[in-house]
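Following: one structure in structure tokens, then a few remarks.
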Amino acid sequence: MPTVWVHAGAWASALVVVALWLSGRGLQSLGTSPAQLLTSLGRLSGLIAADLLLVQVLLMARVPMIERSYGQDELARRHRLVGFWSFNLLLLHIVLITLGYSLAAHTDVVHETWTLVTSYAGMLLALAGTVALTVVAVTSVRVARRALRYESWHLLHLYAYLGVGLSVPHEIWTGADFATSSLARVYWWSSYAAAAGAVLVFRVGLPIWRTLRHGITVTSVVRESPDVVTVRMGGRGLHLLPVQAGQFFIWRFLDGPGWSRGNPYSLSAAPRPGRIQITAKDLGDGSSRIGQLRAGTKVLIEGPYGRMTGEHRVGSKVAMLACGIGITPMRALLEDLPYAPGDAVLLYRARSEPDLVFRSELDELARRRGIAVHYFTGPRVPGRSSWLPRDWAQWRDSDALLHLLPDLAAYDVFVCGPDQWMDAASEAALAGGLPPAQLHQERFTW
């Protein structure tokens, strides 16, 4: 699904909501009295907030066509942007409606707030839904996200579904649009059904079906370094999984308490019949558990996700820029992508020699497929954000890249690693003349 259709659908839904407000005499109400002005604007802000909330749910419902159009990192960015707009409009809706009703009833705001919550059908549920959405919004602020473990943040984020569900009775029982317009009722019921259906099918049904169908279990755990492990898994008909090198799954290992908290890990080798594997670094959250997994542990999967695959390549040459554990999807891509000997380059950055994961396998792959491999180890360049180590401090980032890849514009460049490092590497590639369409990256931060 081209992104233009997704954009068109989102804007069309907002225009429908505005049209429904207009058909309900929303515009005429603006000039009747101050109370009606505030109430009518409160209705409009609430309707748009509800519509954006449904768009937000659909963006992260893992609908395959939408996910492949954007990639999970871009979807997450748009999901946050739409979410904050929706939440702010929701707050505006509450303030305007309360003030409008207060003016109409000639009471103070505190008394009117109490009356609304305790006397109007569904308002207590709406209040609980607002609290749930507030928790989601507060924990989605970047500073708060960084202070939380991934699993804790993900669990709190599920309160968004609770907030949406608790707001529905209020809209049905007291919403002017539901009460007065059959067309509005059809639109909103259809929108809620579409959002709920997408979540149930793609976030719940499809993962359960794939898990039961393939029966994936852990076969072995290999320690690549003191803080990096590879988990190899087997199952039935794994060649039927619609997965490509460079993609990732959400993994849940049934190894005891905490199994329900999933973590995203890329495949670290090209998928093969009967075998898949992931490699993860101990980052102090759920990733620390996988080093203790035992053979035979059952696995729940959700995915595959991601668009950092060979599907969007423009040319025949490939360059992989990896840092740290970002080498995992790059190894899979180098193993799987078609390219001629001499047409692939790997630039691999790590803190030290022992931190170069898969080095022997990468050297063997380089020998077998004719890949030029360059390892960059050592501390960071002081005083600037750079993809290079300190030993290369005399080089500008883009000049160093052009030194290693003189015909940079002829390559498709794949970048994976920590966010700041990816920013530096991507900026260097674009500054060196790489066409933006040939830069492929996907971020797994949340």
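Chain labels run A, B, ... following the order of the structure tokens; each chain numbers its residues from 1, and ligands are numbered from 1 in the order shown.
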query = Excluding same-chain residues fewer than 6 positions from Ala132 of chain A, what lies within 12 Å of it counting only C-alpha atoms, as a list in words?
reply =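 Counting only the stated atoms, we get Phe87, Leu125, Ala126, Val138, Thr139, Leu156, His157, Leu158, Tyr159, Ala160, Tyr161, Leu162, Gly163, Val164, Gly165, Leu166 and Ser167 of chain A.
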Discussion item. Please list as a list in words every residue within 10 Å of Ala429 of chain A, counting only C-alpha atoms and excluding residues in the same chain fewer than 5 positions away.
Written reply: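 Contacts, in chain order: Asp397, Ser398, Asp399, Ala400, Leu401, Leu402, Leu405, Leu408, Ala409, Val413, Val415, Asp423, Ala424, Leu434, Pro435, Pro436, Gln438 and Leu439 of chain A.
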Go ahead and save the residues from that selection, with C-alpha atoms, as a PDB file, in the first residue's frame.
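The result, stored in out_23.pdb:
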```
ATOM      1  CA  ASP A 397      33.003  11.487   8.503  1.00  0.00           C
ATOM      2  CA  SER A 398      31.952  11.848   4.871  1.00  0.00           C
ATOM      3  CA  ASP A 399      35.555  11.930   3.604  1.00  0.00           C
ATOM      4  CA  ALA A 400      36.364   8.706   5.417  1.00  0.00           C
ATOM      5  CA  LEU A 401      33.331   7.030   3.891  1.00  0.00           C
ATOM      6  CA  LEU A 402      34.285   8.221   0.407  1.00  0.00           C
ATOM      7  CA  LEU A 405      33.718   3.681  -0.905  1.00  0.00           C
ATOM      8  CA  LEU A 408      29.472   5.628  -2.917  1.00  0.00           C
ATOM      9  CA  ALA A 409      26.559   6.737  -5.098  1.00  0.00           C
ATOM     10  CA  VAL A 413      23.806   1.565   1.986  1.00  0.00           C
ATOM     11  CA  VAL A 415      22.874   1.260   8.434  1.00  0.00           C
ATOM     12  CA  ASP A 423      22.601   9.513  12.689  1.00  0.00           C
ATOM     13  CA  ALA A 424      26.313  10.182  12.159  1.00  0.00           C
ATOM     14  CA  LEU A 434      24.450   8.996  -1.632  1.00  0.00           C
ATOM     15  CA  PRO A 435      20.926   9.420  -3.071  1.00  0.00           C
ATOM     16  CA  PRO A 436      18.407   9.276  -0.193  1.00  0.00           C
ATOM     17  CA  GLN A 438      19.611   4.264  -1.521  1.00  0.00           C
ATOM     18  CA  LEU A 439      19.907   4.718   2.250  1.00  0.00           C
TER      19      LEU A 439
END
```
Segment 370-373 of chain A surroundings by only C-alpha atoms, 9 Å radius, close-in-sequence under 4 positions cut, as a PDB file with N, CA, C and O atoms, in the first residue's frame:
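Wrote out.pdb, looks like this:
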```pdb
ATOM      1  N   LEU A 334      23.933  -9.876   4.407  1.00  0.00           N
ATOM      2  CA  LEU A 334      25.116 -10.247   3.623  1.00  0.00           C
ATOM      3  C   LEU A 334      25.061 -11.707   3.190  1.00  0.00           C
ATOM      4  O   LEU A 334      25.531 -12.070   2.110  1.00  0.00           O
ATOM      5  N   ALA A 340      27.474  -9.679  -6.719  1.00  0.00           N
ATOM      6  CA  ALA A 340      28.662 -10.300  -7.312  1.00  0.00           C
ATOM      7  C   ALA A 340      29.856 -10.123  -6.381  1.00  0.00           C
ATOM      8  O   ALA A 340      29.894  -9.192  -5.565  1.00  0.00           O
ATOM      9  N   PRO A 341      30.854 -11.003  -6.480  1.00  0.00           N
ATOM     10  CA  PRO A 341      32.082 -10.818  -5.686  1.00  0.00           C
ATOM     11  C   PRO A 341      32.684  -9.438  -5.955  1.00  0.00           C
ATOM     12  O   PRO A 341      32.798  -9.005  -7.101  1.00  0.00           O
ATOM     13  N   GLY A 342      33.013  -8.725  -4.881  1.00  0.00           N
ATOM     14  CA  GLY A 342      33.554  -7.380  -5.001  1.00  0.00           C
ATOM     15  C   GLY A 342      32.515  -6.285  -4.959  1.00  0.00           C
ATOM     16  O   GLY A 342      32.861  -5.097  -4.923  1.00  0.00           O
ATOM     17  N   ASP A 343      31.222  -6.660  -4.966  1.00  0.00           N
ATOM     18  CA  ASP A 343      30.152  -5.663  -4.967  1.00  0.00           C
ATOM     19  C   ASP A 343      29.534  -5.453  -3.589  1.00  0.00           C
ATOM     20  O   ASP A 343      28.487  -4.806  -3.468  1.00  0.00           O
ATOM     21  N   ALA A 344      30.152  -6.014  -2.539  1.00  0.00           N
ATOM     22  CA  ALA A 344      29.618  -5.835  -1.178  1.00  0.00           C
ATOM     23  C   ALA A 344      30.744  -5.410  -0.244  1.00  0.00           C
ATOM     24  O   ALA A 344      31.872  -5.917  -0.328  1.00  0.00           O
ATOM     25  N   VAL A 345      30.427  -4.460   0.647  1.00  0.00           N
ATOM     26  CA  VAL A 345      31.395  -3.946   1.617  1.00  0.00           C
ATOM     27  C   VAL A 345      30.735  -3.911   2.991  1.00  0.00           C
ATOM     28  O   VAL A 345      29.572  -3.507   3.111  1.00  0.00           O
ATOM     29  N   LEU A 346      31.476  -4.336   4.019  1.00  0.00           N
ATOM     30  CA  LEU A 346      31.004  -4.248   5.391  1.00  0.00           C
ATOM     31  C   LEU A 346      31.944  -3.360   6.194  1.00  0.00           C
ATOM     32  O   LEU A 346      33.153  -3.600   6.236  1.00  0.00           O
ATOM     33  N   LEU A 347      31.386  -2.317   6.829  1.00  0.00           N
ATOM     34  CA  LEU A 347      32.131  -1.457   7.741  1.00  0.00           C
ATOM     35  C   LEU A 347      31.547  -1.693   9.128  1.00  0.00           C
ATOM     36  O   LEU A 347      30.400  -1.326   9.399  1.00  0.00           O
ATOM     37  N   TYR A 348      32.334  -2.313  10.002  1.00  0.00           N
ATOM     38  CA  TYR A 348      31.832  -2.794  11.285  1.00  0.00           C
ATOM     39  C   TYR A 348      32.557  -2.089  12.420  1.00  0.00           C
ATOM     40  O   TYR A 348      33.752  -2.229  12.592  1.00  0.00           O
ATOM     41  N   LEU A 362      32.002 -13.852   9.765  1.00  0.00           N
ATOM     42  CA  LEU A 362      32.062 -12.773   8.776  1.00  0.00           C
ATOM     43  C   LEU A 362      33.276 -12.916   7.868  1.00  0.00           C
ATOM     44  O   LEU A 362      33.192 -12.690   6.650  1.00  0.00           O
ATOM     45  N   ASP A 363      34.415 -13.303   8.457  1.00  0.00           N
ATOM     46  CA  ASP A 363      35.623 -13.498   7.641  1.00  0.00           C
ATOM     47  C   ASP A 363      35.424 -14.643   6.652  1.00  0.00           C
ATOM     48  O   ASP A 363      35.860 -14.561   5.495  1.00  0.00           O
ATOM     49  N   LEU A 365      32.489 -15.678   5.485  1.00  0.00           N
ATOM     50  CA  LEU A 365      31.518 -15.203   4.499  1.00  0.00           C
ATOM     51  C   LEU A 365      32.179 -14.266   3.500  1.00  0.00           C
ATOM     52  O   LEU A 365      31.902 -14.321   2.291  1.00  0.00           O
ATOM     53  N   ALA A 366      33.104 -13.431   3.990  1.00  0.00           N
ATOM     54  CA  ALA A 366      33.827 -12.516   3.105  1.00  0.00           C
ATOM     55  C   ALA A 366      34.680 -13.291   2.109  1.00  0.00           C
ATOM     56  O   ALA A 366      34.736 -12.952   0.918  1.00  0.00           O
TER      57      ALA A 366
END
```
In segment 171-358 of chain A, DSSP helix (DSSP H, G or I) residues written as a ChimeraX atom specification: /A:171-174,176-180,182-214,238-240,286-292,310-312,324-336,353-355
Any idea what's packed within 12 Å of Met330 of chain A, counting only C-alpha atoms, ignoring anything in its chain fewer than 6 positions away? Could you give it as a PyMOL selection string?
chain A and resi 245-247+266-270+279+308-310+318-324+336-337+344-348+357-358+362+413-417+440-442
Pairwise distance, atom CA of Thr211 of chain A with atom CA of Thr230 of chain A, equals 20.4 Å
query = From the set A:Arg275, A:Arg390, A:Arg443, A:His374, which residue has the shortest atom-to-atom contact distance to Thr217 of chain A, counting only C-alpha atoms?
reply =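 Counting only C-alpha atoms, the residue closest to Thr217 of chain A is A:Arg275.
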The residue from A:Leu52, A:Leu254, A:Val4, A:Ala19 with the smallest atom-to-atom distance to Leu183 of chain A, counting only C-alpha atoms, is A:Ala19
Using only C-alpha atoms, the residue out of A:His403, A:Arg68, A:His106, A:Arg223 with shortest distance to His312 of chain A is A:Arg68
Selected residue of minimal separation from Gly315 of chain A among A:Trp209, A:Trp188, A:Trp395, A:Tyr411, counting only C-alpha atoms: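 Between A:Trp209, A:Trp188, A:Trp395, A:Tyr411, the residue approaching Gly315 of chain A most closely is A:Tyr411.
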_Need the shell around Ile208 of chain A: protein/DNA/RNA residues with any atom at most 12 Å away, counting only C-alpha atoms. Skip same-chain ones fewer than 4 positions apart. Format as an MDAnalysis selection string?_
chainID A and resid 200:204 212:216 252 299:303
If you count only C-alpha atoms, the residue of A:Ala193, A:Val231, A:Val17, A:Ala184 closest to Leu58 of chain A turns out to be A:Ala193
Proximity to Pro418 of chain A - best of A:Gly383, A:Pro389, A:Gly326, A:Gly71, only C-alpha atoms: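 Comparing A:Gly383, A:Pro389, A:Gly326, A:Gly71 against Pro418 of chain A, the winner is A:Gly326.
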query = What are the DSSP strand (DSSP E or B) residues of segment 98-315 of chain A, as a VMD selection string?
reply = chain A and resid 217 to 225 228 to 234 248 to 253 263 to 267 272 275 to 281 298 to 305
Exercise for review: Show which residues sit within 12 Å of Leu81 of chain A, as a list in words. Count only C-alpha atoms, and ignore same-chain residues fewer than 2 positions away.
Suggested key: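 Residues near the query, excluding close chain neighbours: Leu52, Leu53, Val55, Gln56, Leu59, Glu74, Leu75, Ala76, Arg77, Arg78, His79, Gly83, Phe84, Trp85, Ser86, Phe87, Asn88, Ala137, Ser140 and Val141 of chain A.
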Could those selected residues go to a file with C-alpha atoms, as a PDB file, in the first residue's frame?
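After the write, part23.pdb holds the following:
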```
ATOM      1  CA  LEU A  52      -6.987  10.584  15.598  1.00  0.00           C
ATOM      2  CA  LEU A  53      -7.011   8.038  18.402  1.00  0.00           C
ATOM      3  CA  VAL A  55      -5.819   6.431  13.357  1.00  0.00           C
ATOM      4  CA  GLN A  56      -3.151   5.978  16.040  1.00  0.00           C
ATOM      5  CA  LEU A  59      -0.929   2.759  12.625  1.00  0.00           C
ATOM      6  CA  GLU A  74       8.566   5.518  10.909  1.00  0.00           C
ATOM      7  CA  LEU A  75       5.223   4.101  12.021  1.00  0.00           C
ATOM      8  CA  ALA A  76       6.248   4.529  15.654  1.00  0.00           C
ATOM      9  CA  ARG A  77       7.230   8.150  14.989  1.00  0.00           C
ATOM     10  CA  ARG A  78       3.905   8.909  13.306  1.00  0.00           C
ATOM     11  CA  HIS A  79       2.051   6.993  16.014  1.00  0.00           C
ATOM     12  CA  GLY A  83      -1.061  10.362  19.710  1.00  0.00           C
ATOM     13  CA  PHE A  84       0.097  13.643  21.195  1.00  0.00           C
ATOM     14  CA  TRP A  85      -2.220  15.612  18.914  1.00  0.00           C
ATOM     15  CA  SER A  86      -5.109  13.343  19.899  1.00  0.00           C
ATOM     16  CA  PHE A  87      -4.338  13.683  23.609  1.00  0.00           C
ATOM     17  CA  ASN A  88      -4.031  17.471  23.451  1.00  0.00           C
ATOM     18  CA  ALA A 137       0.914  10.048  27.103  1.00  0.00           C
ATOM     19  CA  SER A 140       5.559   8.290  25.989  1.00  0.00           C
ATOM     20  CA  VAL A 141       7.511  11.501  26.548  1.00  0.00           C
TER      21      VAL A 141
END
```
